[in-house]
Structure formats: structure tokens, C-alpha cells
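Participant: coords-v5.cif is reproduced below (mmCIF, C-alpha atoms).
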data_input
loop_
_atom_site.group_PDB
_atom_site.id
_atom_site.type_symbol
_atom_site.label_atom_id
_atom_site.label_comp_id
_atom_site.auth_asym_id
_atom_site.auth_seq_id
_atom_site.Cartn_x
_atom_site.Cartn_y
_atom_site.Cartn_z
ATOM 1 C CA MET A 1 19.362 -15.843 23.061
ATOM 2 C CA SER A 2 16.302 -17.335 24.778
ATOM 3 C CA GLU A 3 15.751 -14.031 26.608
ATOM 4 C CA PHE A 4 15.949 -12.177 23.310
ATOM 5 C CA LEU A 5 13.438 -14.543 21.674
ATOM 6 C CA THR A 6 11.098 -14.026 24.625
ATOM 7 C CA GLU A 7 11.482 -10.278 24.151
ATOM 8 C CA LEU A 8 10.600 -10.598 20.460
ATOM 9 C CA ALA A 9 7.650 -12.906 21.153
ATOM 10 C CA ALA A 10 6.149 -10.225 23.408
ATOM 11 C CA PHE A 11 5.555 -8.086 20.312
ATOM 12 C CA GLU A 12 3.330 -10.698 18.650
ATOM 13 C CA GLY A 13 -0.292 -9.619 18.578
ATOM 14 C CA LYS A 14 0.504 -5.951 19.150
ATOM 15 C CA THR A 15 -0.746 -3.231 16.816
ATOM 16 C CA LEU A 16 2.138 -1.992 14.738
ATOM 17 C CA VAL A 17 0.115 0.662 12.894
ATOM 18 C CA PRO A 18 -3.186 1.878 14.364
ATOM 19 C CA THR A 19 -6.093 2.754 12.077
ATOM 20 C CA THR A 20 -4.682 5.128 9.468
ATOM 21 C CA TRP A 21 -6.616 6.670 6.605
ATOM 22 C CA GLY A 22 -5.162 7.112 3.158
ATOM 23 C CA PRO A 23 -4.464 10.723 2.149
ATOM 24 C CA ASP A 24 -6.746 10.672 -0.921
ATOM 25 C CA GLU A 25 -9.956 9.089 -2.104
ATOM 26 C CA VAL A 26 -9.887 6.393 -4.759
ATOM 27 C CA ASN A 27 -9.746 8.457 -7.949
ATOM 28 C CA THR A 28 -9.884 7.945 -11.697
ATOM 29 C CA PRO A 29 -6.663 9.810 -12.637
ATOM 30 C CA MET A 30 -4.568 7.518 -10.432
ATOM 31 C CA ILE A 31 -6.385 4.461 -11.781
ATOM 32 C CA ARG A 32 -5.623 5.662 -15.305
ATOM 33 C CA HIS A 33 -1.917 6.039 -14.502
ATOM 34 C CA TRP A 34 -1.865 2.542 -13.011
ATOM 35 C CA VAL A 35 -3.628 0.667 -15.819
ATOM 36 C CA GLU A 36 -1.602 2.408 -18.512
ATOM 37 C CA THR A 37 1.664 1.606 -16.738
ATOM 38 C CA MET A 38 0.682 -2.006 -16.047
ATOM 39 C CA GLY A 39 -0.833 -2.571 -19.491
ATOM 40 C CA ASP A 40 -4.179 -3.522 -17.939
ATOM 41 C CA THR A 41 -6.744 -3.075 -20.730
ATOM 42 C CA ASN A 42 -9.793 -4.328 -18.828
ATOM 43 C CA PRO A 43 -12.419 -1.599 -19.503
ATOM 44 C CA ILE A 44 -14.173 -2.024 -16.137
ATOM 45 C CA HIS A 45 -11.494 0.169 -14.505
ATOM 46 C CA LEU A 46 -12.236 3.326 -16.517
ATOM 47 C CA ASP A 47 -15.578 2.806 -18.283
ATOM 48 C CA ASP A 48 -18.745 2.934 -16.172
ATOM 49 C CA ASP A 49 -20.873 1.358 -18.904
ATOM 50 C CA ALA A 50 -18.444 -1.553 -19.364
ATOM 51 C CA ALA A 51 -18.424 -2.110 -15.600
ATOM 52 C CA ARG A 52 -22.247 -2.006 -15.394
ATOM 53 C CA ALA A 53 -22.415 -4.613 -18.155
ATOM 54 C CA THR A 54 -20.678 -6.984 -15.729
ATOM 55 C CA GLY A 55 -23.184 -6.308 -12.949
ATOM 56 C CA ARG A 56 -21.173 -3.647 -11.113
ATOM 57 C CA ASP A 57 -22.463 -0.195 -10.172
ATOM 58 C CA GLY A 58 -19.710 1.514 -12.137
ATOM 59 C CA ALA A 59 -15.971 1.505 -12.784
ATOM 60 C CA VAL A 60 -13.836 -0.184 -10.109
ATOM 61 C CA ALA A 61 -10.201 0.193 -9.157
ATOM 62 C CA PRO A 62 -7.833 -2.721 -9.861
ATOM 63 C CA ALA A 63 -7.626 -4.887 -6.759
ATOM 64 C CA LEU A 64 -3.833 -4.696 -6.648
ATOM 65 C CA MET A 65 -4.060 -0.920 -6.239
ATOM 66 C CA THR A 66 -5.390 -1.378 -2.699
ATOM 67 C CA GLN A 67 -2.035 -0.521 -1.164
ATOM 68 C CA VAL A 68 -1.730 2.606 -3.334
ATOM 69 C CA TRP A 69 -4.591 4.358 -1.556
ATOM 70 C CA ILE A 70 -2.941 4.277 1.880
ATOM 71 C CA MET A 71 0.637 5.168 0.898
ATOM 72 C CA ARG A 72 2.157 7.968 2.955
ATOM 73 C CA THR A 73 2.730 11.316 1.296
ATOM 74 C CA PHE A 74 6.253 12.465 0.492
ATOM 75 C CA VAL A 75 6.213 15.102 3.237
ATOM 76 C CA ASP A 76 4.984 12.563 5.803
ATOM 77 C CA LYS A 77 7.607 10.058 4.703
ATOM 78 C CA MET A 78 10.436 12.592 4.913
ATOM 79 C CA ALA A 79 9.358 13.597 8.416
ATOM 80 C CA ASN A 80 10.611 10.170 9.599
ATOM 81 C CA ASN A 81 7.710 9.789 12.000
ATOM 82 C CA ASP A 82 7.328 6.190 13.144
ATOM 83 C CA PRO A 83 3.762 4.830 12.822
ATOM 84 C CA SER A 84 3.587 3.924 16.523
ATOM 85 C CA GLN A 85 5.609 3.400 19.679
ATOM 86 C CA VAL A 86 5.352 -0.360 19.084
ATOM 87 C CA TRP A 87 7.090 0.161 15.729
ATOM 88 C CA THR A 88 9.814 2.255 17.389
ATOM 89 C CA ASP A 89 10.368 -0.311 20.144
ATOM 90 C CA LEU A 90 10.446 -3.302 17.759
ATOM 91 C CA ILE A 91 13.015 -1.705 15.455
ATOM 92 C CA ALA A 92 15.123 -0.613 18.430
ATOM 93 C CA THR A 93 15.045 -4.151 19.848
ATOM 94 C CA LEU A 94 16.156 -5.713 16.559
ATOM 95 C CA ASP A 95 18.764 -3.038 15.873
ATOM 96 C CA GLY A 96 20.156 -3.423 19.382
ATOM 97 C CA ALA A 97 20.804 -7.120 18.736
ATOM 98 C CA GLY A 98 22.560 -6.376 15.440
ATOM 99 C CA PHE A 99 19.620 -7.159 13.120
ATOM 100 C CA SER A 100 19.835 -3.766 11.489
ATOM 101 C CA SER A 101 19.195 -4.595 7.826
ATOM 102 C CA VAL A 102 15.862 -5.367 6.198
ATOM 103 C CA VAL A 103 14.617 -6.936 2.995
ATOM 104 C CA ALA A 104 11.032 -7.687 1.976
ATOM 105 C CA THR A 105 10.500 -11.370 1.212
ATOM 106 C CA ASP A 106 6.857 -11.864 0.250
ATOM 107 C CA SER A 107 3.380 -10.347 0.249
ATOM 108 C CA ASP A 108 0.171 -12.410 0.358
ATOM 109 C CA PHE A 109 -2.980 -10.453 -0.585
ATOM 110 C CA GLU A 110 -6.585 -11.602 -0.259
ATOM 111 C CA PHE A 111 -9.368 -9.411 -1.681
ATOM 112 C CA PHE A 112 -12.996 -9.214 -0.536
ATOM 113 C CA THR A 113 -14.593 -5.954 -1.752
ATOM 114 C CA GLU A 114 -13.973 -3.823 -4.828
ATOM 115 C CA LEU A 115 -13.209 -0.119 -4.532
ATOM 116 C CA ARG A 116 -14.816 2.631 -6.593
ATOM 117 C CA PRO A 117 -13.835 6.267 -7.167
ATOM 118 C CA GLY A 118 -14.838 8.277 -4.106
ATOM 119 C CA ASP A 119 -14.148 5.494 -1.593
ATOM 120 C CA ARG A 120 -11.738 6.145 1.279
ATOM 121 C CA VAL A 121 -9.426 3.418 2.513
ATOM 122 C CA SER A 122 -7.956 2.876 5.966
ATOM 123 C CA PHE A 123 -5.713 0.133 7.292
ATOM 124 C CA THR A 124 -4.399 -1.321 10.507
ATOM 125 C CA GLU A 125 -1.310 -3.497 10.874
ATOM 126 C CA VAL A 126 -0.749 -6.125 13.560
ATOM 127 C CA ILE A 127 2.391 -8.132 14.275
ATOM 128 C CA GLU A 128 1.322 -11.706 13.597
ATOM 129 C CA ASP A 129 4.557 -13.660 14.032
ATOM 130 C CA ILE A 130 8.285 -13.244 14.610
ATOM 131 C CA SER A 131 10.343 -16.298 13.741
ATOM 132 C CA GLY A 132 13.219 -17.780 15.622
ATOM 133 C CA GLU A 133 16.710 -17.088 14.351
ATOM 134 C CA LYS A 134 17.189 -18.204 10.739
ATOM 135 C CA SER A 135 20.309 -18.501 8.616
ATOM 136 C CA THR A 136 19.928 -16.995 5.147
ATOM 137 C CA GLY A 137 22.155 -16.051 2.246
ATOM 138 C CA LEU A 138 22.087 -12.448 3.461
ATOM 139 C CA GLY A 139 22.941 -13.315 7.033
ATOM 140 C CA VAL A 140 21.343 -14.540 10.248
ATOM 141 C CA GLY A 141 18.004 -12.935 11.014
ATOM 142 C CA HIS A 142 14.354 -13.088 12.008
ATOM 143 C CA PHE A 143 11.305 -13.095 9.724
ATOM 144 C CA VAL A 144 8.687 -10.595 10.876
ATOM 145 C CA THR A 145 5.165 -11.274 9.569
ATOM 146 C CA THR A 146 2.514 -8.600 9.913
ATOM 147 C CA LEU A 147 -1.160 -8.595 8.945
ATOM 148 C CA LYS A 148 -2.583 -5.486 7.289
ATOM 149 C CA THR A 149 -6.359 -5.151 7.153
ATOM 150 C CA TYR A 150 -7.775 -2.652 4.659
ATOM 151 C CA ARG A 151 -11.288 -1.210 5.143
ATOM 152 C CA ASN A 152 -13.493 1.208 3.258
ATOM 153 C CA GLY A 153 -15.596 4.054 4.678
ATOM 154 C CA ASP A 154 -18.411 1.623 5.540
ATOM 155 C CA ASP A 155 -15.943 -0.370 7.694
ATOM 156 C CA GLU A 156 -16.100 -3.299 5.267
ATOM 157 C CA VAL A 157 -12.920 -5.336 4.920
ATOM 158 C CA VAL A 158 -11.553 -4.612 1.452
ATOM 159 C CA ALA A 159 -8.470 -6.817 1.650
ATOM 160 C CA THR A 160 -5.932 -8.409 3.959
ATOM 161 C CA GLN A 161 -2.205 -8.539 3.342
ATOM 162 C CA ARG A 162 0.369 -10.660 5.109
ATOM 163 C CA TRP A 163 3.629 -8.825 4.716
ATOM 164 C CA ARG A 164 6.867 -10.594 5.604
ATOM 165 C CA THR A 165 10.280 -8.984 6.001
ATOM 166 C CA LEU A 166 13.624 -10.363 7.037
ATOM 167 C CA ARG A 167 15.488 -8.351 9.650
ATOM 168 C CA PHE A 168 19.035 -9.621 9.408
ATOM 169 C CA ARG A 169 22.574 -9.105 10.633
ATOM 170 C CA PRO A 170 24.708 -8.358 7.541
ATOM 171 C CA LYS A 171 27.558 -10.687 6.850
ATOM 172 C CA ALA A 172 31.005 -9.230 7.376
ATOM 173 C CA ALA A 173 32.032 -7.329 4.278
ATOM 174 C CA GLU A 174 34.462 -9.253 2.113
ATOM 175 C CA LYS A 175 37.740 -7.661 1.101
ATOM 176 C CA PRO A 176 37.732 -6.244 -2.421
ATOM 177 C CA THR A 177 39.116 -8.743 -4.946
ATOM 178 C CA GLY A 178 39.756 -6.303 -7.780
ATOM 179 C CA LEU A 179 37.362 -8.314 -9.950
ATOM 180 C CA ARG A 180 34.092 -7.058 -11.324
ATOM 181 C CA PRO A 181 31.059 -8.078 -9.262
ATOM 182 C CA ARG A 182 29.642 -11.467 -10.221
ATOM 183 C CA PRO A 183 26.170 -11.651 -11.775
ATOM 184 C CA ALA A 184 23.466 -13.411 -9.762
ATOM 185 C CA LEU A 185 23.028 -16.473 -11.977
ATOM 186 C CA ASN A 186 19.787 -18.420 -12.004
ATOM 187 C CA ALA A 187 17.785 -20.710 -14.272
ATOM 188 C CA ASP A 188 16.365 -17.717 -16.148
ATOM 189 C CA ASN A 189 19.597 -15.931 -17.103
ATOM 190 C CA ALA A 190 22.488 -18.425 -17.053
ATOM 191 C CA PHE A 191 22.135 -19.127 -20.794
ATOM 192 C CA TRP A 192 22.665 -15.432 -21.573
ATOM 193 C CA PHE A 193 25.958 -15.225 -19.695
ATOM 194 C CA GLU A 194 27.136 -18.528 -21.186
ATOM 195 C CA ALA A 195 26.541 -17.118 -24.674
ATOM 196 C CA ALA A 196 28.448 -13.978 -23.731
ATOM 197 C CA LYS A 197 31.497 -16.112 -22.913
ATOM 198 C CA GLU A 198 31.400 -17.144 -26.581
ATOM 199 C CA HIS A 199 31.101 -13.491 -27.663
ATOM 200 C CA ARG A 200 27.489 -14.055 -28.698
ATOM 201 C CA LEU A 201 24.847 -11.506 -27.772
ATOM 202 C CA VAL A 202 21.583 -13.427 -27.702
ATOM 203 C CA ILE A 203 17.997 -12.224 -27.262
ATOM 204 C CA GLN A 204 15.340 -14.392 -25.691
ATOM 205 C CA ARG A 205 12.400 -15.052 -28.043
ATOM 206 C CA CYS A 206 8.945 -16.428 -27.300
ATOM 207 C CA THR A 207 8.351 -19.412 -29.578
ATOM 208 C CA ALA A 208 4.582 -18.931 -29.382
ATOM 209 C CA CYS A 209 4.292 -15.301 -30.560
ATOM 210 C CA SER A 210 7.925 -14.493 -31.562
ATOM 211 C CA THR A 211 8.164 -11.519 -29.160
ATOM 212 C CA LEU A 212 11.745 -10.659 -28.220
ATOM 213 C CA ARG A 213 12.426 -9.791 -24.589
ATOM 214 C CA HIS A 214 15.183 -8.538 -22.304
ATOM 215 C CA PRO A 215 15.852 -8.783 -19.401
ATOM 216 C CA THR A 216 15.477 -12.524 -19.598
ATOM 217 C CA GLY A 217 12.605 -14.230 -17.817
ATOM 218 C CA PRO A 218 10.560 -17.419 -17.670
ATOM 219 C CA MET A 219 7.355 -16.064 -19.249
ATOM 220 C CA CYS A 220 6.404 -14.011 -22.291
ATOM 221 C CA GLY A 221 4.912 -10.686 -21.287
ATOM 222 C CA GLN A 222 2.682 -10.650 -24.364
ATOM 223 C CA CYS A 223 1.083 -14.099 -24.542
ATOM 224 C CA ARG A 224 2.195 -15.645 -21.208
ATOM 225 C CA SER A 225 3.865 -18.593 -22.923
ATOM 226 C CA LEU A 226 6.641 -20.391 -21.052
ATOM 227 C CA GLU A 227 8.264 -21.685 -24.248
ATOM 228 C CA TRP A 228 11.228 -19.788 -25.665
ATOM 229 C CA ASP A 229 14.439 -19.928 -27.642
ATOM 230 C CA THR A 230 17.078 -17.336 -28.568
ATOM 231 C CA VAL A 231 18.225 -15.384 -31.598
ATOM 232 C CA ASP A 232 21.633 -13.827 -32.153
ATOM 233 C CA ALA A 233 21.575 -10.041 -32.100
ATOM 234 C CA SER A 234 23.161 -8.124 -34.962
ATOM 235 C CA GLY A 235 25.183 -6.111 -32.452
ATOM 236 C CA ARG A 236 24.026 -2.802 -33.884
ATOM 237 C CA GLY A 237 21.966 -0.203 -32.090
ATOM 238 C CA HIS A 238 21.932 3.315 -30.695
ATOM 239 C CA VAL A 239 22.332 5.029 -27.326
ATOM 240 C CA TYR A 240 18.871 5.430 -25.793
ATOM 241 C CA SER A 241 20.210 7.126 -22.633
ATOM 242 C CA PHE A 242 23.391 7.169 -20.567
ATOM 243 C CA VAL A 243 25.040 8.305 -17.346
ATOM 244 C CA VAL A 244 28.677 8.934 -16.455
ATOM 245 C CA ASN A 245 29.620 7.419 -13.092
ATOM 246 C CA HIS A 246 32.374 9.028 -11.042
ATOM 247 C CA HIS A 247 31.593 7.785 -7.532
ATOM 248 C CA PRO A 248 31.512 5.519 -5.662
ATOM 249 C CA GLN A 249 34.482 3.843 -7.286
ATOM 250 C CA ILE A 250 34.205 0.054 -7.132
ATOM 251 C CA PRO A 251 37.214 -2.213 -7.790
ATOM 252 C CA GLY A 252 37.204 -3.767 -11.257
ATOM 253 C CA PHE A 253 36.058 -0.637 -13.125
ATOM 254 C CA GLU A 254 37.856 2.301 -14.682
ATOM 255 C CA TYR A 255 36.488 5.778 -14.019
ATOM 256 C CA PRO A 256 34.816 7.901 -15.244
ATOM 257 C CA LEU A 257 32.553 5.052 -16.336
ATOM 258 C CA VAL A 258 29.987 5.485 -19.102
ATOM 259 C CA VAL A 259 26.909 3.300 -18.527
ATOM 260 C CA ALA A 260 24.451 3.361 -21.419
ATOM 261 C CA THR A 261 21.022 1.995 -22.144
ATOM 262 C CA VAL A 262 21.410 0.717 -25.696
ATOM 263 C CA GLU A 263 18.436 0.036 -27.935
ATOM 264 C CA LEU A 264 19.341 -2.741 -30.336
ATOM 265 C CA ASP A 265 18.180 -2.719 -33.930
ATOM 266 C CA GLU A 266 16.008 -5.697 -32.965
ATOM 267 C CA GLY A 267 14.059 -3.471 -30.536
ATOM 268 C CA THR A 268 15.155 -4.722 -27.116
ATOM 269 C CA ARG A 269 17.298 -2.647 -24.765
ATOM 270 C CA LEU A 270 20.105 -3.538 -22.404
ATOM 271 C CA ILE A 271 22.446 -1.698 -20.074
ATOM 272 C CA ALA A 272 26.150 -1.892 -20.886
ATOM 273 C CA ASN A 273 29.403 0.027 -20.698
ATOM 274 C CA MET A 274 30.677 2.171 -23.559
ATOM 275 C CA THR A 275 34.195 1.592 -24.863
ATOM 276 C CA GLY A 276 36.479 3.559 -27.164
ATOM 277 C CA VAL A 277 34.856 6.905 -26.470
ATOM 278 C CA ALA A 278 35.411 9.773 -24.051
ATOM 279 C CA PRO A 279 32.465 10.505 -21.750
ATOM 280 C CA GLU A 280 32.016 13.984 -23.203
ATOM 281 C CA ASP A 281 31.637 12.533 -26.706
ATOM 282 C CA VAL A 282 28.726 10.208 -25.922
ATOM 283 C CA GLU A 283 25.381 11.429 -27.232
ATOM 284 C CA VAL A 284 21.815 10.151 -27.052
ATOM 285 C CA GLY A 285 20.960 8.631 -30.427
ATOM 286 C CA MET A 286 24.545 7.921 -31.489
ATOM 287 C CA ALA A 287 24.979 4.696 -33.451
ATOM 288 C CA VAL A 288 26.923 1.959 -31.680
ATOM 289 C CA ASP A 289 28.316 -1.478 -32.438
ATOM 290 C CA LEU A 290 28.876 -4.446 -30.185
ATOM 291 C CA ASP A 291 32.155 -4.812 -28.350
ATOM 292 C CA TRP A 292 33.201 -7.228 -25.617
ATOM 293 C CA ILE A 293 34.799 -6.865 -22.194
ATOM 294 C CA ASP A 294 36.648 -10.013 -21.145
ATOM 295 C CA ALA A 295 36.820 -8.964 -17.512
ATOM 296 C CA ASP A 296 38.461 -12.189 -16.309
ATOM 297 C CA PRO A 297 38.460 -15.883 -17.270
ATOM 298 C CA ASP A 298 35.007 -16.348 -15.711
ATOM 299 C CA LEU A 299 33.241 -13.189 -16.852
ATOM 300 C CA THR A 300 32.621 -11.741 -20.303
ATOM 301 C CA LEU A 301 30.162 -8.906 -20.816
ATOM 302 C CA PRO A 302 28.860 -7.065 -23.883
ATOM 303 C CA ALA A 303 29.829 -3.427 -24.329
ATOM 304 C CA PHE A 304 29.314 -0.935 -27.126
ATOM 305 C CA ARG A 305 31.588 1.406 -29.062
ATOM 306 C CA PRO A 306 30.749 4.232 -31.446
ATOM 307 C CA ALA A 307 29.971 2.945 -34.937
ATOM 308 C CA THR A 308 31.652 4.492 -37.945
ATOM 309 C CA ARG A 309 29.306 5.491 -40.751
ATOM 310 C CA GLU A 310 30.602 2.614 -42.873
ATOM 311 C CA GLU A 311 30.093 0.093 -40.078
ATOM 312 C CA HIS A 312 26.504 1.185 -39.446
#
Could the structure of this file be written out as C-alpha cells, please?
Facilitator:
Amino acid sequence: MSEFLTELAAFEGKTLVPTTWGPDEVNTPMIRHWVETMGDTNPIHLDDDAARATGRDGAVAPALMTQVWIMRTFVDKMANNDPSQVWTDLIATLDGAGFSSVVATDSDFEFFTELRPGDRVSFTEVIEDISGEKSTGLGVGHFVTTLKTYRNGDDEVVATQRWRTLRFRPKAAEKPTGLRPRPALNADNAFWFEAAKEHRLVIQRCTACSTLRHPTGPMCGQCRSLEWDTVDASGRGHVYSFVVNHHPQIPGFEYPLVVATVELDEGTRLIANMTGVAPEDVEVGMAVDLDWIDADPDLTLPAFRPATREEH
């Protein structure tokens, strides 16, 4: 193990990705897509006059778009070309020791210069640190921290990003139990599953602005309040979209399996199974009513069945 750690330590300080330029200039259409998707209504991103009123020379891209401008194209990505020999060697070293799986853990951005339409962005990435062996819920592994430095065409530093991933050895697969997979319970969703055990479909509600939200979360997306309560859903809604799953077949489910996105009358949506209907009879827009799947003594989940005209 000490020899392996020495081998990993030799990668620290090496350039993982040499200077690489983004495929496109900073451009207004992409900024427009971003701000509309993110709900960012700050006018300085699209309106030159609004930006000049704040002392800028014109509209500026949102800072968090920095990474967008250097993303690889689809064709480049599909070519499976490694960014450098250092990258190839590092992955081979980790894979050879069984650390073949990866999950991103955190990203720490620091911004220095704003970008405007017409700017070009390049970046370099250096391996800053590789941790010793750590035990995690996913398995034993090593945290790899890299430092990305973004620059504009004038060689000014636009931003730095410390990007940390966990390269881990997957735990041995457990034998199928025949039970449905367990939800990942946490402080933000446990109340929802507890209500489901009582055959109550609840919707989280912000107590500051009364906005309903699902999936559950700690903060209101409208007013940023952390205060909330719940309301009981009527159980009525309609099929917003659906898929019919045939494969892979996981123990605990019956196939073909209809998985629908249901829009409740209250306005929120959730993903659930359909019951009491053949897959070929499910239609987008069909009215549905709440049903329940008591999968086992520890797991109850909402489902939906077609509503009769009288019921709906």
C-alpha cells in the first residue's frame, strides 16, 4: 500500500489538462438559454444599457457559466480522447488497483473577472492533491483534487475551480432481496415517506409565500425561506408523461412497468407507478386518482390508477 501511495503522490503537481480553448466564444444565445433555464432575471446578462448603468461596459455572462464555455463538443467527447498522457496514466493506475468507479463530491469556484460576449476562454487543470485511502459509504477510495484555472484571451485569470472526485472500489454487490429498493432517507424527505406509511400524500408548502414544492427540500425556490409545513394532496391529477419499462428487470417490480409523471391538481408533479391499467391504455392527459402500493411492512409508496368520470 505504501508503494501505491507513493505512486499516486508522484502525480501531484502534474498538468492533467494542458491549456485548452473552448470551442466557441462567449455568446448571447447561450447566455439567454442559461438565464431562462435558471430563472436568473438580472438584466445585466442580456441588456447592455442595464449593464452600463452598473458601471460595466456592456452585458456580462453569469459567473457560473464559466465552465460552459470550455465544455467539449459532442464529437470530441464521443471520440474518447484522453486530455493528456498524465490523465491516461492516472486513471490506469487507479483502475489497476481496483479504484475503478468515480463520483464527483464538490466544486469550489472563485471568480475574478467577468466575461462578455466575444471573449474566448481557455483552461488548464493541475493535480493538486490525492488523498490517502479513505473509507466511504460507496467503498474504499482516494479523493483526487484538481485545480482548474480559467483565462480569457488577454491571459487574465477569469476563475479558479477546485474539483474533487472520489475514485473508489465498489462494494461487493449484495444479493437481491426481492424487496423494492429503499429510498435514501434524510432530514429533507423523511417526513414525506412517514406520511406515505399512513396513506397520506403530502405536499411541502413554504409558510412564508405559500408556494407548494416537490421534490422536497430545505429551501423555498421562490422566496428562499427555510420555514415550511405540509398540506394533504387531494389525490387527483393527470398523466403529464410516462414510460413503460421492460428492462432491466429489478427484483420487487412487476413488468412491464408503467412509470408516470403525474401532475396533481395542486400543481406539483411526482413520479409514480400506474396501477389497474394496461400499458397500452395509458395516455398523456388521462385523469388519475391516488392509489397506494404497500410494498412491504417498511415501505409504502403512492401510485395512481385511472379515474372514472364520476370519481374525477
Participant: What separation in Å, quoted to one decimal, exists between atom CA of Lys134 of chain A and atom CA of Thr88 of chain A?
Facilitator: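 Atom CA of Thr88 of chain A lies 22.7 Å from atom CA of Lys134 of chain A.
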Participant: Which residue out of A:Met274, A:Asp281, A:Val17, A:Thr146 has the minimum interatomic distance to Ile293 of chain A when all atoms listed in the file are used?
Facilitator: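 Of the candidates, the smallest distance to Ile293 of chain A is held by A:Met274.
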Participant: Check what the PyMOL selection byres ((chain A and resi 301) around 9) selects in the file above and give those residues as JSON, numbers by chain.
Facilitator: {"A": [193, 196, 197, 199, 272, 273, 291, 292, 293, 294, 295, 299, 300, 302, 303]}
Participant: What do you get, as a ChimeraX atom specification, if you spell out every residue that the PyMOL selection byres ((chain A and resi 224) around 12) selects here?
Facilitator: /A:206-211,217-223,225-228
Participant: The residues within 9 Å of (18.5, -2.8, -27.5), using only C-alpha atoms and the coordinates of the file, should be reported as number ranges by chain; which are they?
Facilitator: A: 214, 235-240, 261-271
Participant: Measuring atom to atom with all atoms listed in the file, identify which of A:Thr160, A:Thr54, A:Ser101, A:Asn42 is nearest to Glu125 of chain A.
Facilitator: A:Thr160
Participant: With distances taken over only C-alpha atoms, which residue among A:Pro297, A:Pro117, A:Pro248, A:Pro256 lies nearest Asp57 of chain A?
Facilitator: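 Under the stated criterion, the closest residue is A:Pro117.
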Participant: Have a look at atom CA of Asp24 of chain A and atom CA of Ala63 of chain A and let me know their distance in Å, one decimal.
Facilitator: 16.6 Å
Participant: For the structure shown, which residues end up in the PyMOL selection byres ((chain A and resi 85) around 12)? Put them as a list in words, please?
Facilitator: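 Residues picked by the PyMOL selection byres ((chain A and resi 85) around 12): Phe11, Lys14, Thr15, Leu16, Val17, Pro18, Asn81, Asp82, Pro83, Ser84, Val86, Trp87, Thr88, Asp89, Leu90, Ile91 and Ala92 of chain A.
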Participant: May I have the residues within 10 Å of Phe191 of chain A as a PyMOL selection string, using all atoms listed in the file and disregarding those fewer than 3 positions away in the same chain?
Facilitator: chain A and resi 185-188+194-196+202+204+216+230
